[in-house]
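Pasted below: target_32.pdb, PDB, C-alpha atoms and all ligand atoms.
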```pdb
ATOM      1  CA  MET A   1      72.725 131.734  32.387
ATOM      2  CA  ILE A   2      74.266 128.677  33.999
ATOM      3  CA  ASP A   3      71.859 125.849  34.887
ATOM      4  CA  VAL A   4      72.058 124.453  38.422
ATOM      5  CA  LEU A   5      70.086 121.721  40.137
ATOM      6  CA  GLN A   6      69.044 122.274  43.718
ATOM      7  CA  THR A   7      67.968 119.474  46.062
ATOM      8  CA  MET A   8      66.925 121.924  48.790
ATOM      9  CA  ASN A   9      66.414 125.673  49.090
ATOM     10  CA  LEU A  10      69.028 127.927  50.621
ATOM     11  CA  ARG A  11      67.884 130.299  53.346
ATOM     12  CA  PRO A  12      65.404 132.955  52.147
ATOM     13  CA  GLU A  13      68.076 135.662  52.608
ATOM     14  CA  VAL A  14      70.351 133.899  50.099
ATOM     15  CA  GLN A  15      68.050 131.965  47.745
ATOM     16  CA  PRO A  16      67.077 135.080  45.707
ATOM     17  CA  ASP A  17      70.762 135.758  44.955
ATOM     18  CA  LEU A  18      71.174 132.205  43.704
ATOM     19  CA  GLU A  19      68.105 132.594  41.496
ATOM     20  CA  ALA A  20      69.286 135.967  40.194
ATOM     21  CA  ARG A  21      72.614 134.555  39.039
ATOM     22  CA  TYR A  22      71.673 131.041  37.868
ATOM     23  CA  ARG A  23      68.825 129.196  36.196
ATOM     24  CA  VAL A  24      67.711 127.023  39.108
ATOM     25  CA  HIS A  25      65.941 123.672  38.722
ATOM     26  CA  GLY A  26      64.420 121.290  41.255
ATOM     27  CA  PRO A  27      65.430 117.660  41.737
ATOM     28  CA  ASP A  28      62.563 116.434  39.540
ATOM     29  CA  ALA A  29      63.811 118.265  36.473
ATOM     30  CA  PRO A  30      63.365 116.254  33.250
ATOM     31  CA  ASP A  31      66.347 114.637  31.549
ATOM     32  CA  SER A  32      66.355 117.338  28.880
ATOM     33  CA  VAL A  33      67.109 119.891  31.637
ATOM     34  CA  LYS A  34      69.489 117.620  33.537
ATOM     35  CA  ALA A  35      71.575 117.362  30.370
ATOM     36  CA  ASN A  36      72.589 121.024  30.822
ATOM     37  CA  ILE A  37      73.135 121.157  34.586
ATOM     38  CA  ARG A  38      76.631 122.394  35.505
ATOM     39  CA  GLY A  39      76.248 122.938  39.265
ATOM     40  CA  LEU A  40      74.562 120.957  42.029
ATOM     41  CA  VAL A  41      73.423 122.684  45.236
ATOM     42  CA  THR A  42      72.698 120.193  47.994
ATOM     43  CA  ASN A  43      72.975 119.623  51.739
ATOM     44  CA  GLY A  44      73.912 116.987  54.287
ATOM     45  CA  HIS A  45      70.616 115.154  54.042
ATOM     46  CA  ALA A  46      69.946 115.058  50.300
ATOM     47  CA  GLY A  47      73.633 114.690  49.409
ATOM     48  CA  ALA A  48      74.655 113.525  45.942
ATOM     49  CA  SER A  49      74.581 109.865  45.030
ATOM     50  CA  ARG A  50      76.522 108.283  42.191
ATOM     51  CA  GLU A  51      73.187 107.900  40.403
ATOM     52  CA  LEU A  52      72.410 111.610  40.692
ATOM     53  CA  ILE A  53      75.925 112.522  39.554
ATOM     54  CA  ASP A  54      75.559 110.171  36.582
ATOM     55  CA  SER A  55      72.257 111.800  35.623
ATOM     56  CA  LEU A  56      74.040 115.149  35.187
ATOM     57  CA  PRO A  57      76.544 114.647  32.349
ATOM     58  CA  LYS A  58      77.785 118.262  32.319
ATOM     59  CA  LEU A  59      78.164 118.574  36.099
ATOM     60  CA  GLU A  60      81.255 120.589  37.129
ATOM     61  CA  ILE A  61      80.776 121.344  40.816
ATOM     62  CA  ILE A  62      78.850 120.090  43.874
ATOM     63  CA  VAL A  63      78.292 122.590  46.695
ATOM     64  CA  SER A  64      76.775 121.343  49.947
ATOM     65  CA  SER A  65      75.252 123.404  52.721
ATOM     66  CA  SER A  66      76.637 121.123  55.412
ATOM     67  CA  VAL A  67      79.942 120.333  57.019
ATOM     68  CA  GLY A  68      79.353 116.571  56.723
ATOM     69  CA  TYR A  69      79.552 115.076  53.248
ATOM     70  CA  ASP A  70      78.817 111.456  54.026
ATOM     71  CA  HIS A  71      75.774 111.505  51.731
ATOM     72  CA  ILE A  72      77.868 112.729  48.827
ATOM     73  CA  ASP A  73      79.838 110.215  46.790
ATOM     74  CA  VAL A  74      82.966 112.367  46.975
ATOM     75  CA  GLU A  75      85.298 109.673  45.621
ATOM     76  CA  TYR A  76      83.106 109.151  42.589
ATOM     77  CA  ALA A  77      82.779 112.899  42.008
ATOM     78  CA  ARG A  78      86.570 113.237  42.248
ATOM     79  CA  SER A  79      87.087 110.415  39.806
ATOM     80  CA  LYS A  80      85.043 112.449  37.340
ATOM     81  CA  GLY A  81      86.974 115.640  38.128
ATOM     82  CA  ILE A  82      84.026 117.242  39.949
ATOM     83  CA  PRO A  83      85.080 119.154  43.086
ATOM     84  CA  VAL A  84      82.883 119.173  46.201
ATOM     85  CA  THR A  85      82.606 121.952  48.773
ATOM     86  CA  ASN A  86      81.123 121.977  52.273
ATOM     87  CA  THR A  87      80.548 124.701  54.879
ATOM     88  CA  ALA A  88      83.482 124.002  57.192
ATOM     89  CA  GLY A  89      84.022 126.712  59.779
ATOM     90  CA  SER A  90      80.536 128.238  59.645
ATOM     91  CA  LEU A  91      78.823 126.047  62.230
ATOM     92  CA  ASP A  92      81.512 125.195  64.799
ATOM     93  CA  ASP A  93      80.120 127.382  67.564
ATOM     94  CA  ASP A  94      76.527 126.213  67.282
ATOM     95  CA  VAL A  95      77.418 122.544  67.269
ATOM     96  CA  ALA A  96      79.814 123.067  70.180
ATOM     97  CA  ASP A  97      77.122 124.931  72.105
ATOM     98  CA  LEU A  98      74.757 122.032  71.597
ATOM     99  CA  ALA A  99      77.353 119.482  72.713
ATOM    100  CA  ILE A 100      77.870 121.365  75.961
ATOM    101  CA  ALA A 101      74.117 121.769  76.403
ATOM    102  CA  LEU A 102      73.658 118.018  75.955
ATOM    103  CA  MET A 103      76.398 117.307  78.510
ATOM    104  CA  ILE A 104      74.691 119.490  81.085
ATOM    105  CA  MET A 105      71.143 118.481  80.220
ATOM    106  CA  THR A 106      71.954 114.790  80.431
ATOM    107  CA  ALA A 107      74.084 114.905  83.595
ATOM    108  CA  ARG A 108      71.683 117.219  85.430
ATOM    109  CA  LYS A 109      68.533 115.550  84.031
ATOM    110  CA  LEU A 110      67.188 118.937  83.008
ATOM    111  CA  VAL A 111      64.474 117.599  80.707
ATOM    112  CA  PRO A 112      62.792 115.436  83.372
ATOM    113  CA  SER A 113      63.327 118.262  85.905
ATOM    114  CA  ASP A 114      61.419 120.613  83.649
ATOM    115  CA  LYS A 115      58.679 118.030  83.285
ATOM    116  CA  TYR A 116      58.575 117.619  87.057
ATOM    117  CA  VAL A 117      57.602 121.276  87.390
ATOM    118  CA  ARG A 118      55.158 121.206  84.464
ATOM    119  CA  ASP A 119      53.442 118.133  85.902
ATOM    120  CA  ASN A 120      53.014 120.140  89.094
ATOM    121  CA  ARG A 121      54.821 117.522  91.139
ATOM    122  CA  TRP A 122      57.282 119.895  92.897
ATOM    123  CA  ALA A 123      54.794 121.325  95.424
ATOM    124  CA  LYS A 124      53.179 117.923  95.931
ATOM    125  CA  GLU A 125      56.206 115.633  96.079
ATOM    126  CA  GLY A 126      59.065 117.919  97.130
ATOM    127  CA  ASP A 127      62.531 118.555  95.777
ATOM    128  CA  TYR A 128      63.801 116.837  92.679
ATOM    129  CA  PRO A 129      66.485 114.168  93.305
ATOM    130  CA  LEU A 130      70.128 115.282  93.186
ATOM    131  CA  GLN A 131      71.991 114.726  89.915
ATOM    132  CA  ARG A 132      75.599 114.704  88.639
ATOM    133  CA  ARG A 133      77.833 117.687  87.849
ATOM    134  CA  ALA A 134      78.936 118.496  84.321
ATOM    135  CA  SER A 135      81.878 120.664  85.385
ATOM    136  CA  GLY A 136      85.178 119.620  86.925
ATOM    137  CA  LYS A 137      84.986 116.289  85.099
ATOM    138  CA  ARG A 138      86.993 114.421  82.479
ATOM    139  CA  VAL A 139      85.768 115.161  78.970
ATOM    140  CA  GLY A 140      86.938 112.868  76.194
ATOM    141  CA  ILE A 141      86.520 114.169  72.674
ATOM    142  CA  LEU A 142      86.365 111.766  69.776
ATOM    143  CA  GLY A 143      87.552 113.780  66.787
ATOM    144  CA  LEU A 144      89.556 116.923  67.536
ATOM    145  CA  GLY A 145      88.736 118.915  64.410
ATOM    146  CA  ARG A 146      87.407 122.459  64.361
ATOM    147  CA  ILE A 147      84.167 121.552  66.159
ATOM    148  CA  GLY A 148      85.997 119.281  68.603
ATOM    149  CA  LYS A 149      88.328 122.153  69.506
ATOM    150  CA  ALA A 150      85.370 124.523  69.998
ATOM    151  CA  ILE A 151      83.824 121.968  72.370
ATOM    152  CA  ALA A 152      87.152 121.585  74.196
ATOM    153  CA  ARG A 153      87.428 125.355  74.746
ATOM    154  CA  ARG A 154      83.948 125.486  76.242
ATOM    155  CA  ALA A 155      84.480 122.401  78.375
ATOM    156  CA  GLU A 156      87.776 123.846  79.654
ATOM    157  CA  ALA A 157      85.967 127.005  80.733
ATOM    158  CA  MET A 158      83.867 124.698  82.920
ATOM    159  CA  ASP A 159      87.027 123.386  84.614
ATOM    160  CA  ASN A 160      86.866 120.048  82.867
ATOM    161  CA  THR A 161      90.054 118.257  81.882
ATOM    162  CA  ILE A 162      90.202 117.479  78.178
ATOM    163  CA  ALA A 163      91.536 114.438  76.384
ATOM    164  CA  TYR A 164      90.895 113.197  72.869
ATOM    165  CA  HIS A 165      91.270 110.432  70.375
ATOM    166  CA  SER A 166      91.593 110.830  66.633
ATOM    167  CA  ARG A 167      93.412 108.916  63.926
ATOM    168  CA  ARG A 168      96.498 111.042  64.434
ATOM    169  CA  GLU A 169      97.731 113.104  67.341
ATOM    170  CA  VAL A 170      96.956 116.784  66.728
ATOM    171  CA  ALA A 171     100.155 118.851  66.618
ATOM    172  CA  ASP A 172     100.376 121.619  69.213
ATOM    173  CA  SER A 173      97.280 120.449  71.056
ATOM    174  CA  PRO A 174      97.410 121.073  74.812
ATOM    175  CA  TYR A 175      95.081 118.117  75.416
ATOM    176  CA  THR A 176      95.988 114.544  76.346
ATOM    177  CA  TYR A 177      96.000 112.220  73.340
ATOM    178  CA  TYR A 178      94.921 108.595  73.698
ATOM    179  CA  PRO A 179      95.988 106.415  70.780
ATOM    180  CA  THR A 180      92.972 104.150  71.302
ATOM    181  CA  LEU A 181      89.336 105.047  71.795
ATOM    182  CA  VAL A 182      88.924 102.453  74.542
ATOM    183  CA  GLU A 183      91.709 104.114  76.553
ATOM    184  CA  LEU A 184      90.054 107.491  76.082
ATOM    185  CA  ALA A 185      86.693 106.064  77.224
ATOM    186  CA  LYS A 186      88.293 104.461  80.285
ATOM    187  CA  ASN A 187      89.638 107.853  81.283
ATOM    188  CA  SER A 188      86.516 109.938  80.597
ATOM    189  CA  ASP A 189      83.292 110.849  82.370
ATOM    190  CA  PHE A 190      81.841 112.277  79.151
ATOM    191  CA  LEU A 191      82.600 110.968  75.705
ATOM    192  CA  VAL A 192      81.722 113.609  73.128
ATOM    193  CA  VAL A 193      81.475 112.202  69.613
ATOM    194  CA  VAL A 194      82.267 114.672  66.865
ATOM    195  CA  LEU A 195      83.921 112.498  64.262
ATOM    196  CA  PRO A 196      82.853 112.500  60.585
ATOM    197  CA  SER A 197      80.953 109.489  59.339
ATOM    198  CA  SER A 198      83.071 107.236  57.142
ATOM    199  CA  PRO A 199      83.533 103.499  56.610
ATOM    200  CA  GLU A 200      86.360 103.617  59.221
ATOM    201  CA  SER A 201      84.247 105.379  61.848
ATOM    202  CA  HIS A 202      81.147 103.196  61.342
ATOM    203  CA  LYS A 203      80.012 102.020  64.820
ATOM    204  CA  ILE A 204      83.422 102.966  66.205
ATOM    205  CA  VAL A 205      81.689 103.650  69.529
ATOM    206  CA  SER A 206      81.321  99.923  70.126
ATOM    207  CA  GLN A 207      80.385  97.590  72.969
ATOM    208  CA  GLU A 208      83.969  97.718  74.237
ATOM    209  CA  VAL A 209      84.055 101.519  74.215
ATOM    210  CA  ILE A 210      80.710 101.844  75.982
ATOM    211  CA  ALA A 211      81.762  99.273  78.595
ATOM    212  CA  ALA A 212      84.983 101.249  79.170
ATOM    213  CA  LEU A 213      82.974 104.404  79.797
ATOM    214  CA  GLY A 214      80.971 102.574  82.427
ATOM    215  CA  PRO A 215      77.785 103.047  84.483
ATOM    216  CA  SER A 216      78.396 106.688  85.348
ATOM    217  CA  GLY A 217      79.677 107.630  81.895
ATOM    218  CA  ILE A 218      77.732 109.809  79.471
ATOM    219  CA  ILE A 219      77.907 109.784  75.684
ATOM    220  CA  VAL A 220      77.128 112.922  73.705
ATOM    221  CA  ASN A 221      76.793 112.508  69.946
ATOM    222  CA  VAL A 222      76.687 115.578  67.708
ATOM    223  CA  ALA A 223      78.321 113.847  64.734
ATOM    224  CA  ARG A 224      76.392 111.129  62.933
ATOM    225  CA  GLY A 225      74.316 108.252  64.303
ATOM    226  CA  THR A 226      76.325 105.788  62.252
ATOM    227  CA  VAL A 227      79.408 106.404  64.399
ATOM    228  CA  VAL A 228      77.760 104.752  67.418
ATOM    229  CA  ASP A 229      76.528 101.151  67.681
ATOM    230  CA  GLU A 230      72.979 102.182  68.585
ATOM    231  CA  ASP A 231      71.774  98.693  69.588
ATOM    232  CA  VAL A 232      74.657  98.340  72.015
ATOM    233  CA  LEU A 233      74.014 101.854  73.312
ATOM    234  CA  ILE A 234      70.345 101.062  73.977
ATOM    235  CA  ALA A 235      71.185  97.783  75.695
ATOM    236  CA  ALA A 236      73.787  99.502  77.912
ATOM    237  CA  LEU A 237      71.369 102.284  78.888
ATOM    238  CA  GLN A 238      68.668  99.746  79.708
ATOM    239  CA  ALA A 239      71.040  97.627  81.783
ATOM    240  CA  GLY A 240      72.454 100.613  83.687
ATOM    241  CA  ALA A 241      75.862  99.850  82.168
ATOM    242  CA  LEU A 242      76.028 103.428  80.836
ATOM    243  CA  GLY A 243      74.937 106.525  82.741
ATOM    244  CA  GLY A 244      73.234 108.452  79.975
ATOM    245  CA  ALA A 245      73.314 109.765  76.433
ATOM    246  CA  GLY A 246      72.695 113.148  74.823
ATOM    247  CA  LEU A 247      71.932 112.505  71.168
ATOM    248  CA  ASP A 248      71.478 114.969  68.323
ATOM    249  CA  VAL A 249      71.797 112.257  65.685
ATOM    250  CA  PHE A 250      70.541 108.714  65.156
ATOM    251  CA  TYR A 251      71.498 105.706  63.102
ATOM    252  CA  ASP A 252      68.461 105.847  60.812
ATOM    253  CA  GLU A 253      67.204 109.371  61.421
ATOM    254  CA  PRO A 254      64.631 110.800  61.348
ATOM    255  CA  ARG A 255      63.439 107.386  62.523
ATOM    256  CA  VAL A 256      64.359 107.176  66.210
ATOM    257  CA  PRO A 257      64.019 103.867  68.087
ATOM    258  CA  GLU A 258      60.907 104.255  70.255
ATOM    259  CA  VAL A 259      62.637 102.524  73.147
ATOM    260  CA  PHE A 260      64.496 105.819  73.740
ATOM    261  CA  PHE A 261      61.241 107.687  74.380
ATOM    262  CA  GLY A 262      60.679 106.154  77.796
ATOM    263  CA  MET A 263      64.248 106.663  79.055
ATOM    264  CA  GLU A 264      64.920 109.460  81.542
ATOM    265  CA  ASN A 265      68.691 109.259  81.141
ATOM    266  CA  VAL A 266      68.708 110.323  77.501
ATOM    267  CA  VAL A 267      68.203 113.687  75.841
ATOM    268  CA  LEU A 268      66.965 113.447  72.265
ATOM    269  CA  MET A 269      67.373 116.201  69.681
ATOM    270  CA  PRO A 270      66.074 116.257  66.085
ATOM    271  CA  HIS A 271      69.525 116.922  64.519
ATOM    272  CA  VAL A 272      69.649 120.617  65.366
ATOM    273  CA  GLY A 273      73.405 121.155  65.855
ATOM    274  CA  SER A 274      73.607 123.923  63.248
ATOM    275  CA  ALA A 275      69.932 124.864  63.312
ATOM    276  CA  THR A 276      70.007 128.578  64.124
ATOM    277  CA  VAL A 277      68.955 131.334  61.755
ATOM    278  CA  GLU A 278      72.392 132.949  61.981
ATOM    279  CA  THR A 279      74.341 129.816  61.194
ATOM    280  CA  ARG A 280      72.051 128.434  58.527
ATOM    281  CA  ARG A 281      72.229 131.810  56.806
ATOM    282  CA  ALA A 282      76.039 131.754  56.972
ATOM    283  CA  MET A 283      76.031 128.184  55.629
ATOM    284  CA  SER A 284      73.763 129.188  52.735
ATOM    285  CA  GLN A 285      75.965 132.178  51.933
ATOM    286  CA  LEU A 286      79.141 130.087  51.965
ATOM    287  CA  THR A 287      77.451 127.531  49.711
ATOM    288  CA  LEU A 288      76.574 130.222  47.177
ATOM    289  CA  ASP A 289      80.039 131.801  47.498
ATOM    290  CA  ASN A 290      81.621 128.453  46.630
ATOM    291  CA  LEU A 291      79.365 128.105  43.578
ATOM    292  CA  ASP A 292      80.205 131.646  42.454
ATOM    293  CA  ALA A 293      83.929 131.044  43.005
ATOM    294  CA  HIS A 294      83.838 127.981  40.774
ATOM    295  CA  PHE A 295      82.066 129.693  37.908
ATOM    296  CA  ALA A 296      84.275 132.778  38.233
ATOM    297  CA  GLY A 297      87.309 130.516  37.886
ATOM    298  CA  LYS A 298      88.441 131.407  41.407
ATOM    299  CA  LYS A 299      89.787 129.225  44.190
ATOM    300  CA  LEU A 300      87.053 127.370  46.098
ATOM    301  CA  LEU A 301      86.612 128.643  49.652
ATOM    302  CA  THR A 302      85.950 125.360  51.431
ATOM    303  CA  PRO A 303      86.732 122.362  49.215
ATOM    304  CA  VAL A 304      86.543 118.958  50.886
TER
HETATM  305  C1  LIG A 401      72.607 119.678  58.896
HETATM  306  C2  LIG A 401      74.876 118.764  59.465
HETATM  307  O1  LIG A 401      72.035 118.477  59.076
HETATM  308  O2  LIG A 401      76.397 120.229  58.476
HETATM  309  C3  LIG A 401      76.118 119.074  58.726
HETATM  310  O3  LIG A 401      76.857 118.134  58.370
HETATM  311  O4  LIG A 401      74.694 117.691  59.904
HETATM  312  C4  LIG A 401      73.865 119.833  59.664
HETATM  313  O5  LIG A 401      74.369 121.075  59.653
HETATM  314  C5  LIG A 401      72.510 119.998  57.473
HETATM  315  O6  LIG A 401      73.184 119.258  56.577
HETATM  316  C6  LIG A 401      72.039 121.331  57.112
HETATM  317  O7  LIG A 401      71.639 121.449  55.825
END
```
Starting from the coordinates I provided, produce the structure as structure tokens.
Ligand code: 8YV
Amino acid sequence: MIDVLQTMNLRPEVQPDLEARYRVHGPDAPDSVKANIRGLVTNGHAGASRELIDSLPKLEIIVSSSVGYDHIDVEYARSKGIPVTNTAGSLDDDVADLAIALMIMTARKLVPSDKYVRDNRWAKEGDYPLQRRASGKRVGILGLGRIGKAIARRAEAMDNTIAYHSRREVADSPYTYYPTLVELAKNSDFLVVVLPSSPESHKIVSQEVIAALGPSGIIVNVARGTVVDEDVLIAALQAGALGGAGLDVFYDEPRVPEVFFGMENVVLMPHVGSATVETRRAMSQLTLDNLDAHFAGKKLLTPV
């Protein structure tokens, strides 16, 4: 049997299949076991550092149950001839659903509205103040990949106009392309961030971008916290220089700056973009399928 190291369990529907086909070890396996490991099963949180890769001298393949691979040292793995796979395509709809939910929840202040009822203030204090629409607006998408396109389709169905910024213009896209992010922000009511984390995208949503979005603008981030300058975001929200933010991800998650907790114009999610039983099961299955493909000498399904 082939030895694999696993940093996290796959879903219970899939984990038994992994264990039936491979000899599975946990991350604390002794060096004598690590010496024989040929496959690494990980996810977007645990990833695979250079150190971990170096501790597995016979490693042939890294499979990650995540679309993002920012916690995996892909360049280093490549330099050692170790391919990496992700779960591209299996979570687009869930993440897009959440992005739209965050747009609506933030613009309509649905979380404080819910609290208003629960606190029994409606009967005592009267109707809740009017809020802003999430349809018929200008939605700017930062990163028009598969998830970005799924968000665009949903936002279009709500009569929003769609524009985007990415490193290159996307061929055949019906949406308006802005070559700079600041221009996109200037021309958007919502800026939806769905760009992978990389050294180039680090804090790309900067002071200038947030200022361009302006006091009625809303940022939705379903990508990675590192893509947004969080200190600038907080300062802008506090100063009323930005309308609101719907955040599924944070710079140093799961640590979330406490200053957010008292803000009514933010919606805070514990990184749940892909967190449904259906999607996590599909992600687990695709992860195992990639591992199987490698050891069967077949083409990888979703190499990065
Ligand atoms: C999860 C994600 O955090 O796929 C990603 O890149 O951010 C999420 O789906 C995760 O890695 C699930 O294991």
| task | Grab me every residue within 6 Å of ligand LIG 401 (chain A), counting all atoms listed in the file, and send it over as a PyMOL selection string. | result | chain A and resi 43-45+65-68+274
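Under the PyMOL selection byres (((chain A and resi 131-145) around 6) and not hetatm), the matching residues in the shown file are Ile104, Ala107, Arg108, Leu130, Arg146, Ile147, Gly148, Lys149, Met158, Asp159, Asn160, Thr161, Ile162, Ala163, Tyr164, His165, Ser166, Ser188, Asp189, Phe190, Leu191, Val192, Val193, Val194 and Leu195 of chain A.
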| said: If we draw a sphere of 12 Å around (83.3, 130.4, 43.8), which residues have at least one atom in it when counting all atoms listed in the file? Please report them as a ChimeraX atom specification. | reply: /A:39,61-63,83-85,285-303
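Reported to one decimal place, the separation of atom CA of A:Ala35 from atom CA of A:Leu56 is 5.8 Å.
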| request: Using only C-alpha atoms, determine which residues lie at most 9 Å from A:Leu233, disregarding the query and same-chain residues fewer than 5 positions distant; provide the list as an NGL selection string. | output: :A and (205-207 or 210 or 228 or 238 or 242 or 245)
| said: For A:Gly262, find every residue with an atom within 12 Å (counting all atoms listed in the file), except residues of its own chain fewer than 4 positions away, and show them as a PyMOL selection string. | reply: chain A and resi 112+234+237-238+257-258+266-268
| Ground truth for the PyMOL selection byres (((chain A and resi 151) around 8) and not hetatm), written as a ChimeraX atom specification | /A:96-97,99-100,147-150,152-155
| note | Judged by all atoms listed in the file, the minimum distance to A:Pro270 among A:Arg50, A:His71, A:Arg255, A:Lys34 is found for A:Arg255
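Between atom CA of A:Gly273 and atom CA of A:Glu183 the interatomic distance comes to 27.2 Å.
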| field | Residue contacts of A:Ile37 (9 Å, only C-alpha atoms) excluding same-chain residues fewer than 5 positions away, as an NGL selection string | value | :A and (2-5 or 25 or 56-60)
Let's have the selection written as a short mmCIF file (atom, residue, chain, number, x, y, z; two decimals), keeping the file's coordinate frame, with C-alpha atoms.
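Okay, this is what ended up in result05.cif:
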```cif
data_model
loop_
_atom_site.label_atom_id
_atom_site.label_comp_id
_atom_site.auth_asym_id
_atom_site.auth_seq_id
_atom_site.Cartn_x
_atom_site.Cartn_y
_atom_site.Cartn_z
CA ILE A 2 74.27 128.68 34.00
CA ASP A 3 71.86 125.85 34.89
CA VAL A 4 72.06 124.45 38.42
CA LEU A 5 70.09 121.72 40.14
CA HIS A 25 65.94 123.67 38.72
CA LEU A 56 74.04 115.15 35.19
CA PRO A 57 76.54 114.65 32.35
CA LYS A 58 77.78 118.26 32.32
CA LEU A 59 78.16 118.57 36.10
CA GLU A 60 81.26 120.59 37.13
#
```
| said: I'd like to see the residues matched by the PyMOL selection byres (((chain A and resi 179) around 8) and not hetatm) on this file, and ideally I'd get them as a ChimeraX atom specification. | reply: /A:165-169,177-178,180-181,183
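Using all atoms listed in the file for every distance, the candidate list A:Met263, A:Ala46, A:Ala101, A:Val272 yields A:Val272 as the residue closest to A:Phe250.
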| Can you tell me how far atom CA of A:Ala241 sits from atom CA of A:Ala185, in Å to one decimal? | 13.4 Å
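Using only C-alpha atoms, the protein and nucleic acid residues lying at most 7 Å from the point (79.9, 128.3, 58.5) are Thr87, Ala88, Gly89, Ser90, Leu91, Thr279, Ala282, Met283 and Leu286 of chain A.
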| query | Which residues, written as number ranges by chain, have at least one atom at most 10 Å from A:Gly240, with only C-alpha atoms counted and residues fewer than 5 positions away on the same chain left out? | reply | A: 214-216, 234-235, 265
